[in-house]
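J.: The following file, start.cif, comprises mmCIF, C-alpha atoms:
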data_coords
loop_
_atom_site.label_atom_id
_atom_site.label_comp_id
_atom_site.auth_asym_id
_atom_site.auth_seq_id
_atom_site.Cartn_x
_atom_site.Cartn_y
_atom_site.Cartn_z
CA MET A 612 13.40 -130.82 84.24
CA LEU A 613 14.72 -127.78 86.07
CA GLU A 614 11.88 -125.42 85.18
CA THR A 615 8.89 -125.30 82.88
CA SER A 616 6.84 -122.53 81.34
CA GLN A 617 3.76 -122.46 79.20
CA VAL A 618 4.39 -120.40 76.06
CA TYR A 619 0.92 -120.74 74.56
CA ARG A 620 -2.35 -122.49 75.38
CA GLY A 621 -4.91 -122.85 72.60
CA HIS A 622 -7.98 -124.95 71.86
CA PHE A 623 -5.97 -128.18 71.98
CA LEU A 624 -2.29 -127.28 71.78
CA ASP A 625 -0.21 -126.51 74.84
CA VAL A 626 3.24 -125.16 73.89
CA ARG A 627 5.92 -125.55 76.58
CA ARG A 628 9.50 -124.39 77.08
CA ASP A 629 11.45 -126.30 79.69
CA ARG A 630 14.95 -125.95 81.01
CA VAL A 631 16.44 -129.43 81.43
CA ALA A 632 19.58 -130.85 82.98
CA LEU A 633 22.01 -132.45 80.54
CA PRO A 634 24.15 -135.55 81.23
CA ASP A 635 27.33 -133.43 81.20
CA GLY A 636 26.05 -131.21 84.01
CA GLY A 637 24.95 -128.36 81.77
CA SER A 638 21.42 -127.28 80.95
CA ALA A 639 19.46 -126.56 77.80
CA HIS A 640 16.00 -125.47 76.73
CA ARG A 641 13.51 -127.81 75.09
CA GLU A 642 10.42 -126.50 73.31
CA TYR A 643 7.59 -128.92 72.66
CA ILE A 644 3.87 -129.30 72.21
CA ARG A 645 1.69 -131.20 74.65
CA HIS A 646 -1.19 -132.81 72.77
CA PRO A 647 -4.19 -134.74 74.11
CA GLY A 648 -3.72 -137.54 71.58
CA ALA A 649 -5.76 -138.68 68.64
CA VAL A 650 -7.19 -141.71 66.88
CA MET A 651 -6.93 -142.69 63.23
CA VAL A 652 -9.23 -145.24 61.61
CA VAL A 653 -8.35 -147.39 58.59
CA PRO A 654 -11.84 -148.16 57.17
CA LEU A 655 -11.98 -151.33 55.05
CA LEU A 656 -14.87 -151.53 52.60
CA ASP A 657 -16.30 -154.97 51.79
CA ASP A 658 -14.92 -154.80 48.23
CA GLY A 659 -11.35 -154.32 49.49
CA ARG A 660 -11.13 -150.60 48.87
CA LEU A 661 -10.26 -148.15 51.63
CA LEU A 662 -12.31 -145.13 52.66
CA LEU A 663 -10.28 -141.91 52.88
CA GLU A 664 -10.80 -138.19 53.09
CA ARG A 665 -9.52 -135.35 50.97
CA GLN A 666 -9.32 -132.27 53.14
CA TYR A 667 -7.69 -128.86 52.85
CA ARG A 668 -5.05 -128.55 55.57
CA TYR A 669 -4.21 -124.94 56.29
CA PRO A 670 -0.61 -125.43 57.54
CA MET A 671 0.20 -127.33 54.33
CA GLY A 672 -1.68 -124.90 52.08
CA ARG A 673 -3.21 -127.74 50.09
CA VAL A 674 -5.65 -130.63 50.04
CA MET A 675 -4.29 -133.77 51.72
CA LEU A 676 -5.37 -137.38 51.36
CA GLU A 677 -5.76 -139.09 54.72
CA PHE A 678 -7.56 -141.72 56.75
CA PRO A 679 -10.27 -140.40 59.11
CA ALA A 680 -8.85 -139.19 62.39
CA GLY A 681 -9.63 -136.93 65.28
CA LYS A 682 -8.54 -135.63 68.65
CA LEU A 683 -9.27 -137.48 71.86
CA ASP A 684 -11.54 -135.61 74.24
CA ALA A 685 -10.41 -135.45 77.88
CA GLY A 686 -10.79 -138.92 79.42
CA GLU A 687 -12.19 -140.43 76.22
CA ASP A 688 -11.52 -144.08 75.41
CA PRO A 689 -9.57 -144.34 72.12
CA LEU A 690 -11.99 -146.91 70.63
CA ALA A 691 -14.97 -144.68 71.46
CA CYS A 692 -13.12 -141.77 69.82
CA GLY A 693 -12.46 -143.84 66.69
CA GLN A 694 -16.09 -144.88 66.47
CA ARG A 695 -17.23 -141.29 66.95
CA GLU A 696 -14.79 -139.87 64.42
CA LEU A 697 -15.62 -142.49 61.77
CA THR A 698 -19.33 -141.70 62.07
CA GLU A 699 -18.95 -137.92 62.27
CA GLU A 700 -16.49 -137.58 59.40
CA THR A 701 -17.65 -140.29 57.02
CA GLY A 702 -21.17 -141.25 58.09
CA TYR A 703 -20.09 -144.90 58.34
CA SER A 704 -20.28 -147.22 61.33
CA ALA A 705 -18.38 -150.50 61.62
CA ALA A 706 -19.38 -153.94 62.86
CA GLU A 707 -15.81 -154.93 63.78
CA TRP A 708 -12.80 -153.09 65.14
CA ALA A 709 -9.16 -154.02 65.64
CA TYR A 710 -6.54 -152.05 67.55
CA ALA A 711 -3.20 -151.94 65.76
CA GLY A 712 -1.07 -149.73 68.02
CA VAL A 713 0.03 -146.19 68.59
CA LEU A 714 2.32 -143.96 66.56
CA HIS A 715 4.27 -140.91 67.66
CA ASN A 716 4.69 -138.80 64.56
CA ALA A 717 6.74 -135.86 65.82
CA ILE A 718 8.84 -137.02 68.79
CA ALA A 719 11.32 -134.15 68.56
CA TYR A 720 8.70 -131.51 69.38
CA SER A 721 5.41 -133.15 70.44
CA ASP A 722 4.12 -135.85 72.78
CA GLU A 723 1.16 -136.61 70.51
CA GLY A 724 0.24 -140.27 70.26
CA ILE A 725 -2.15 -141.42 67.53
CA HIS A 726 -3.98 -144.68 68.21
CA ILE A 727 -4.52 -146.75 65.06
CA TYR A 728 -7.72 -148.74 64.62
CA PHE A 729 -8.97 -150.81 61.71
CA ALA A 730 -12.71 -150.96 61.00
CA ARG A 731 -14.64 -153.36 58.78
CA GLY A 732 -18.23 -154.39 58.17
CA LEU A 733 -19.02 -150.79 57.29
CA THR A 734 -22.56 -149.47 57.04
CA ARG A 735 -23.27 -146.09 55.47
CA GLY A 736 -25.09 -143.48 57.52
CA GLU A 737 -25.17 -139.71 57.73
CA GLN A 738 -22.09 -137.53 58.18
CA LYS A 739 -22.06 -135.18 61.17
CA LEU A 740 -19.23 -132.81 60.33
CA ASP A 741 -18.12 -130.20 62.85
CA ALA A 742 -18.78 -126.54 62.05
CA GLY A 743 -16.10 -125.37 59.63
CA GLU A 744 -15.11 -128.93 58.67
CA PHE A 745 -15.17 -129.64 54.94
CA LEU A 746 -13.99 -132.88 53.40
CA GLU A 747 -14.58 -135.12 50.44
CA LEU A 748 -14.85 -138.90 50.86
CA VAL A 749 -12.90 -140.99 48.36
CA THR A 750 -12.02 -144.65 47.99
CA HIS A 751 -8.77 -146.20 46.86
CA THR A 752 -7.14 -149.61 46.86
CA ALA A 753 -4.02 -150.26 48.90
CA ALA A 754 -2.10 -150.58 45.61
CA GLU A 755 -3.27 -147.11 44.51
CA LEU A 756 -2.22 -145.63 47.86
CA ASP A 757 1.14 -147.34 47.52
CA GLN A 758 1.59 -145.71 44.10
CA PHE A 759 0.59 -142.28 45.49
CA ALA A 760 3.19 -142.69 48.24
CA ALA A 761 5.89 -143.76 45.77
CA ARG A 762 5.20 -140.64 43.68
CA GLY A 763 5.28 -138.37 46.75
CA GLU A 764 1.58 -137.54 46.48
CA LEU A 765 0.59 -139.24 49.75
CA THR A 766 2.67 -137.63 52.49
CA ASP A 767 0.49 -137.65 55.62
CA ALA A 768 2.52 -139.59 58.22
CA LYS A 769 -0.42 -141.24 59.97
CA THR A 770 -1.93 -142.39 56.69
CA LEU A 771 1.41 -143.79 55.52
CA ILE A 772 1.72 -145.72 58.80
CA GLY A 773 -1.86 -146.96 58.39
CA LEU A 774 -1.01 -148.17 54.89
CA LEU A 775 2.14 -149.90 56.15
CA TRP A 776 0.19 -151.64 58.92
CA LEU A 777 -2.49 -152.71 56.42
CA GLN A 778 0.10 -154.18 54.05
CA ARG A 779 1.92 -156.01 56.86
CA TRP A 780 -1.41 -157.40 58.18
CA GLN A 781 -2.40 -158.53 54.68
CA GLN A 782 0.99 -160.29 54.38
CA GLY A 783 0.35 -162.08 57.69
CA ALA A 784 3.27 -160.37 59.44
CA TRP A 785 1.40 -158.08 61.87
CA PRO A 786 -1.71 -159.56 63.50
CA LEU A 787 -4.95 -157.76 64.16
CA HIS A 788 -7.42 -159.03 66.75
CA TRP A 789 -10.93 -158.15 65.70
CA GLN A 790 -13.78 -157.47 68.11
CA THR A 791 -17.42 -156.62 67.48
CA ALA A 792 -18.49 -153.03 67.98
CA ALA A 793 -19.88 -152.18 71.41
#
Represent the structure of the file as structure tokens.
T.:
Amino acid sequence: MLETSQVYRGHFLDVRRDRVALPDGGSAHREYIRHPGAVMVVPLLDDGRLLLERQYRYPMGRVMLEFPAGKLDAGEDPLACGQRELTEETGYSAAEWAYAGVLHNAIAYSDEGIHIYFARGLTRGEQKLDAGEFLELVTHTAAELDQFAARGELTDAKTLIGLLWLQRWQQGAWPLHWQTAA
């Protein structure tokens, strides 16, 4: 990097414009978003269904179907974030958790990493939604989600990756190592 400048700093987005050296000796500008990271939870109900949210997403101009997720607070452990977000958004807590991995959904213009956790042994509690947060809880089977994706109705990248990981785990191809909740 030859020089960097901050174009915009908001509540959680930090937009940068850097001038970088190229392999051929030239230079170019790169614009990107610095993001604190996030956690997504794939909640597995005892009957095999999955707990999801339907939420209006302003940039998309429509309601989206997605797994619960939220932004990491500064210095926050990803598992603690997942536990907090699951409880706040859905009212559920989980007896067991498994870390699947991290996904980078927009590598051309953002450094955001979304940690993927699976949660099972769910117990219903009370939602604690943030001010201005409105969502509807719904349940679907993995097969239903697969059909929504095939029809182009499920387009949220993190939820599609969560579905893929679930299917690969169920097939025995991608292991999950479960631990009891702290």
J.: Give the answer as one residue: which of A:Ile725, A:Ala760, A:Ala719, A:Met671 has the shortest atom-to-atom distance to Pro647 of chain A, using only C-alpha atoms?
T.: A:Ile725
J.: Enumerate, as a count of residues only, the residues matched when the PyMOL selection byres ((chain A and resi 770) around 12) is run on the file above.
T.: 40
J.: Using the chain letters and numbering of this document, enumerate as a count of residues only the residues selected by the PyMOL selection byres ((chain A and resi 693) around 12).
T.: 42
J.: What is the distance, in Å and to one decimal place, between atom CA of Ile644 of chain A and atom CA of Gly763 of chain A?
T.: 27.1 Å
J.: Which is closest to Arg779 of chain A among A:Gly686, A:Ala711, A:Gly637, A:Gly659, if we use all atoms listed in the file?
T.: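 Nearest to Arg779 of chain A: A:Ala711.
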J.: If I take atom CA of Leu746 of chain A and atom CA of Tyr669 of chain A, how far is one from the other in Å, to one decimal?
T.: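 Separation between atom CA of Leu746 of chain A and atom CA of Tyr669 of chain A: 12.9 Å.
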J.: Of the residues A:His622, A:Ser721, A:Arg731, A:Arg668, which is the one nearest to Arg641 of chain A, using only C-alpha atoms?
T.: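 Going through A:His622, A:Ser721, A:Arg731, A:Arg668 one by one, the smallest distance to Arg641 of chain A is for A:Ser721.
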J.: Where does the PyMOL selection byres ((chain A and resi 736) around 7) land in this file, that is, which residues does it pick, as a list in words?
T.: Gly702, Tyr703, Thr734, Arg735, Glu737 and Gln738 of chain A
J.: So, with all atoms listed in the file as the atoms that count, which of A:Met612, A:Ala717, A:Leu656, A:Val618 lies closest to Ser638 of chain A?
T.: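 Comparing A:Met612, A:Ala717, A:Leu656, A:Val618 against Ser638 of chain A, the winner is A:Met612.
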J.: Separation of atom CA of Thr752 of chain A and atom CA of Gln778 of chain A, in Å?
T.: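 Spanning atom CA of Thr752 of chain A to atom CA of Gln778 of chain A is a straight-line distance of 11.2 Å.
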J.: Within 9 Å of His646 of chain A, counting only C-alpha atoms, which residues show up once you throw out same-chain ones fewer than 3 positions away? Write them as a ChimeraX atom specification, please.
T.: /A:623-626,649,682,721-724
J.: So, with all atoms listed in the file as the atoms that count, which of A:Trp780, A:Gln666, A:His788, A:Arg620 lies closest to Gly743 of chain A?
T.: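 The shortest atom-to-atom distance to Gly743 of chain A comes from A:Gln666.
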J.: Just the residues within 8 Å of Leu613 of chain A, please, counting only C-alpha atoms, with nothing from its chain fewer than 3 positions along; format it as an MDAnalysis selection string.
T.: chainID A and resid 629:632
J.: For each of A:Glu744, A:Asp657, A:Glu642, A:Glu755, take the minimum atom-to-atom distance to Tyr619 of chain A, counting all atoms listed in the file, then give the residue where this is smallest.
T.: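 Closest candidate: A:Glu642.
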J.: Put segment 749-781 of chain A into a file with N, CA and C atoms, as a PDB file, in the first residue's frame.
T.:
ATOM      1  N   VAL A 749     -39.391 -18.119  11.416  1.00  0.00           N
ATOM      2  CA  VAL A 749     -40.022 -19.167  10.618  1.00  0.00           C
ATOM      3  C   VAL A 749     -39.165 -20.425  10.721  1.00  0.00           C
ATOM      4  N   THR A 750     -39.783 -21.553  10.408  1.00  0.00           N
ATOM      5  CA  THR A 750     -39.033 -22.809  10.374  1.00  0.00           C
ATOM      6  C   THR A 750     -39.206 -23.457   9.004  1.00  0.00           C
ATOM      7  N   HIS A 751     -38.140 -24.103   8.565  1.00  0.00           N
ATOM      8  CA  HIS A 751     -38.157 -24.822   7.297  1.00  0.00           C
ATOM      9  C   HIS A 751     -37.243 -26.026   7.419  1.00  0.00           C
ATOM     10  N   THR A 752     -37.485 -27.013   6.580  1.00  0.00           N
ATOM     11  CA  THR A 752     -36.575 -28.149   6.486  1.00  0.00           C
ATOM     12  C   THR A 752     -35.438 -27.772   5.536  1.00  0.00           C
ATOM     13  N   ALA A 753     -34.371 -28.536   5.597  1.00  0.00           N
ATOM     14  CA  ALA A 753     -33.260 -28.319   4.663  1.00  0.00           C
ATOM     15  C   ALA A 753     -33.738 -28.526   3.226  1.00  0.00           C
ATOM     16  N   ALA A 754     -34.624 -29.496   3.008  1.00  0.00           N
ATOM     17  CA  ALA A 754     -35.146 -29.751   1.660  1.00  0.00           C
ATOM     18  C   ALA A 754     -35.936 -28.549   1.149  1.00  0.00           C
ATOM     19  N   GLU A 755     -36.732 -27.923   2.007  1.00  0.00           N
ATOM     20  CA  GLU A 755     -37.478 -26.731   1.596  1.00  0.00           C
ATOM     21  C   GLU A 755     -36.519 -25.596   1.232  1.00  0.00           C
ATOM     22  N   LEU A 756     -35.482 -25.397   2.049  1.00  0.00           N
ATOM     23  CA  LEU A 756     -34.506 -24.350   1.754  1.00  0.00           C
ATOM     24  C   LEU A 756     -33.800 -24.629   0.429  1.00  0.00           C
ATOM     25  N   ASP A 757     -33.500 -25.890   0.193  1.00  0.00           N
ATOM     26  CA  ASP A 757     -32.864 -26.276  -1.062  1.00  0.00           C
ATOM     27  C   ASP A 757     -33.765 -25.920  -2.250  1.00  0.00           C
ATOM     28  N   GLN A 758     -35.061 -26.155  -2.110  1.00  0.00           N
ATOM     29  CA  GLN A 758     -36.009 -25.804  -3.171  1.00  0.00           C
ATOM     30  C   GLN A 758     -36.082 -24.293  -3.361  1.00  0.00           C
ATOM     31  N   PHE A 759     -36.098 -23.531  -2.248  1.00  0.00           N
ATOM     32  CA  PHE A 759     -36.121 -22.066  -2.348  1.00  0.00           C
ATOM     33  C   PHE A 759     -34.882 -21.569  -3.103  1.00  0.00           C
ATOM     34  N   ALA A 760     -33.736 -22.153  -2.794  1.00  0.00           N
ATOM     35  CA  ALA A 760     -32.490 -21.761  -3.460  1.00  0.00           C
ATOM     36  C   ALA A 760     -32.549 -22.093  -4.949  1.00  0.00           C
ATOM     37  N   ALA A 761     -33.048 -23.267  -5.287  1.00  0.00           N
ATOM     38  CA  ALA A 761     -33.130 -23.688  -6.690  1.00  0.00           C
ATOM     39  C   ALA A 761     -34.044 -22.770  -7.496  1.00  0.00           C
ATOM     40  N   ARG A 762     -35.079 -22.238  -6.838  1.00  0.00           N
ATOM     41  CA  ARG A 762     -36.012 -21.332  -7.518  1.00  0.00           C
ATOM     42  C   ARG A 762     -35.546 -19.872  -7.478  1.00  0.00           C
ATOM     43  N   GLY A 763     -34.411 -19.596  -6.851  1.00  0.00           N
ATOM     44  CA  GLY A 763     -33.912 -18.233  -6.756  1.00  0.00           C
ATOM     45  C   GLY A 763     -34.603 -17.394  -5.709  1.00  0.00           C
ATOM     46  N   GLU A 764     -35.309 -18.036  -4.778  1.00  0.00           N
ATOM     47  CA  GLU A 764     -36.018 -17.319  -3.717  1.00  0.00           C
ATOM     48  C   GLU A 764     -35.147 -17.122  -2.481  1.00  0.00           C
ATOM     49  N   LEU A 765     -34.176 -17.973  -2.278  1.00  0.00           N
ATOM     50  CA  LEU A 765     -33.222 -17.863  -1.169  1.00  0.00           C
ATOM     51  C   LEU A 765     -31.905 -17.422  -1.785  1.00  0.00           C
ATOM     52  N   THR A 766     -31.530 -16.157  -1.536  1.00  0.00           N
ATOM     53  CA  THR A 766     -30.345 -15.612  -2.198  1.00  0.00           C
ATOM     54  C   THR A 766     -29.311 -15.056  -1.235  1.00  0.00           C
ATOM     55  N   ASP A 767     -29.586 -15.055   0.051  1.00  0.00           N
ATOM     56  CA  ASP A 767     -28.632 -14.541   1.031  1.00  0.00           C
ATOM     57  C   ASP A 767     -27.409 -15.458   1.068  1.00  0.00           C
ATOM     58  N   ALA A 768     -26.226 -14.896   0.786  1.00  0.00           N
ATOM     59  CA  ALA A 768     -25.007 -15.702   0.657  1.00  0.00           C
ATOM     60  C   ALA A 768     -24.686 -16.485   1.923  1.00  0.00           C
ATOM     61  N   LYS A 769     -24.776 -15.851   3.079  1.00  0.00           N
ATOM     62  CA  LYS A 769     -24.403 -16.559   4.305  1.00  0.00           C
ATOM     63  C   LYS A 769     -25.360 -17.711   4.594  1.00  0.00           C
ATOM     64  N   THR A 770     -26.628 -17.519   4.296  1.00  0.00           N
ATOM     65  CA  THR A 770     -27.611 -18.575   4.517  1.00  0.00           C
ATOM     66  C   THR A 770     -27.403 -19.720   3.535  1.00  0.00           C
ATOM     67  N   LEU A 771     -27.076 -19.404   2.299  1.00  0.00           N
ATOM     68  CA  LEU A 771     -26.769 -20.458   1.325  1.00  0.00           C
ATOM     69  C   LEU A 771     -25.541 -21.264   1.755  1.00  0.00           C
ATOM     70  N   ILE A 772     -24.513 -20.594   2.272  1.00  0.00           N
ATOM     71  CA  ILE A 772     -23.330 -21.304   2.754  1.00  0.00           C
ATOM     72  C   ILE A 772     -23.686 -22.143   3.978  1.00  0.00           C
ATOM     73  N   GLY A 773     -24.516 -21.611   4.860  1.00  0.00           N
ATOM     74  CA  GLY A 773     -24.971 -22.390   6.014  1.00  0.00           C
ATOM     75  C   GLY A 773     -25.720 -23.639   5.590  1.00  0.00           C
ATOM     76  N   LEU A 774     -26.558 -23.516   4.576  1.00  0.00           N
ATOM     77  CA  LEU A 774     -27.293 -24.667   4.043  1.00  0.00           C
ATOM     78  C   LEU A 774     -26.333 -25.677   3.434  1.00  0.00           C
ATOM     79  N   LEU A 775     -25.372 -25.213   2.663  1.00  0.00           N
ATOM     80  CA  LEU A 775     -24.374 -26.105   2.081  1.00  0.00           C
ATOM     81  C   LEU A 775     -23.617 -26.857   3.171  1.00  0.00           C
ATOM     82  N   TRP A 776     -23.182 -26.154   4.206  1.00  0.00           N
ATOM     83  CA  TRP A 776     -22.431 -26.793   5.290  1.00  0.00           C
ATOM     84  C   TRP A 776     -23.308 -27.837   5.993  1.00  0.00           C
ATOM     85  N   LEU A 777     -24.572 -27.490   6.218  1.00  0.00           N
ATOM     86  CA  LEU A 777     -25.506 -28.429   6.845  1.00  0.00           C
ATOM     87  C   LEU A 777     -25.633 -29.698   6.011  1.00  0.00           C
ATOM     88  N   GLN A 778     -25.843 -29.536   4.712  1.00  0.00           N
ATOM     89  CA  GLN A 778     -26.007 -30.697   3.841  1.00  0.00           C
ATOM     90  C   GLN A 778     -24.748 -31.557   3.811  1.00  0.00           C
ATOM     91  N   ARG A 779     -23.585 -30.930   3.744  1.00  0.00           N
ATOM     92  CA  ARG A 779     -22.327 -31.679   3.715  1.00  0.00           C
ATOM     93  C   ARG A 779     -22.087 -32.392   5.058  1.00  0.00           C
ATOM     94  N   TRP A 780     -22.460 -31.761   6.170  1.00  0.00           N
ATOM     95  CA  TRP A 780     -22.341 -32.402   7.489  1.00  0.00           C
ATOM     96  C   TRP A 780     -23.297 -33.599   7.567  1.00  0.00           C
ATOM     97  N   GLN A 781     -24.530 -33.405   7.108  1.00  0.00           N
ATOM     98  CA  GLN A 781     -25.500 -34.492   7.145  1.00  0.00           C
ATOM     99  C   GLN A 781     -25.068 -35.673   6.275  1.00  0.00           C
TER     100      GLN A 781
END
